[in-house]
Amino acid sequence: MELIQIVGLIIILFALTRVIKQIKKKSIELEEGIFWLFVWLLALLIVIFPNFMSYLARILGVGRGVDVVIYLSIILLFYLVYRIYARLEKLEKEITKIVREIAIRDRYEPKKRD
């Protein structure tokens, strides 16, 4: 096993334990936890069996196994950016709705003087 594989293995195992801890604490939703478990387990398989990516590269017609990893990583990053963007838009709409409700309520309720 190469040094880079050992380093990758340590980082992945750390990330897996963090995800499991967050699922147990319920600080992330179960669906998100399963997604991240899948991602880190896939990364674990790639680190342990790097020749599989070369095999997959030949099937997909890509030059090297590392190219497949880079392409899949870029696709995953675009997907995650999209999810963050969608969540941010939802939060902005919720904040706008709450601010409007507070403004309307304060408009019709007399203010209390201290």
# chains A, B, ... in the order shown; residues from 1 in each chain; ligands from 1
>>> residues_around(residues="range 31-44 of chain A", least_positions_apart="4", cutoff="8 Å", atoms="only C-alpha atoms", output="list in words")
Leu9, Ile12, Ala15, Leu16, Val19, Ile20, Gln22, Ile23 and Ile48 of chain A
>>> closest_atom_pairs(of="range 1-73 of chain A", to="range 77-85 of chain A", cutoff="10 Å", atoms="only C-alpha atoms", output="Markdown table")
| residue | atom | partner | partner_atom | distance |
| --- | --- | --- | --- | --- |
| A:Tyr71 | CA | A:Leu77 | CA | 9.9 |
| A:Leu72 | CA | A:Leu77 | CA | 8.6 |
| A:Ser73 | CA | A:Leu77 | CA | 6.1 |
>>> write_last_selection(atoms="N, CA and C atoms", output="PDB file, in the first residue's frame")
ATOM      1  N   TYR A  71     -13.353  13.452 -13.051  1.00  0.00           N
ATOM      2  CA  TYR A  71     -14.632  13.747 -13.703  1.00  0.00           C
ATOM      3  C   TYR A  71     -15.803  13.525 -12.751  1.00  0.00           C
ATOM      4  N   LEU A  72     -15.784  12.405 -12.044  1.00  0.00           N
ATOM      5  CA  LEU A  72     -16.874  12.122 -11.102  1.00  0.00           C
ATOM      6  C   LEU A  72     -16.878  13.128  -9.954  1.00  0.00           C
ATOM      7  N   SER A  73     -15.698  13.538  -9.520  1.00  0.00           N
ATOM      8  CA  SER A  73     -15.615  14.536  -8.448  1.00  0.00           C
ATOM      9  C   SER A  73     -16.189  15.873  -8.895  1.00  0.00           C
TER      10      SER A  73
END
>>> atom_distance(atom1="CA of Ile11 in chain A", atom2="CA of Arg64 in chain A")
23.4 Å
>>> closest_residue(among="A:Ile4, A:Val68, A:Ile28, A:Leu76", to="Met53 in chain A", atoms="only C-alpha atoms")
A:Val68
>>> atom_distance(atom1="CA of Val62 in chain A", atom2="CA of Ile46 in chain A")
16.3 Å
>>> atom_distance(atom1="CA of Phe49 in chain A", atom2="CA of Val69 in chain A")
12.6 Å
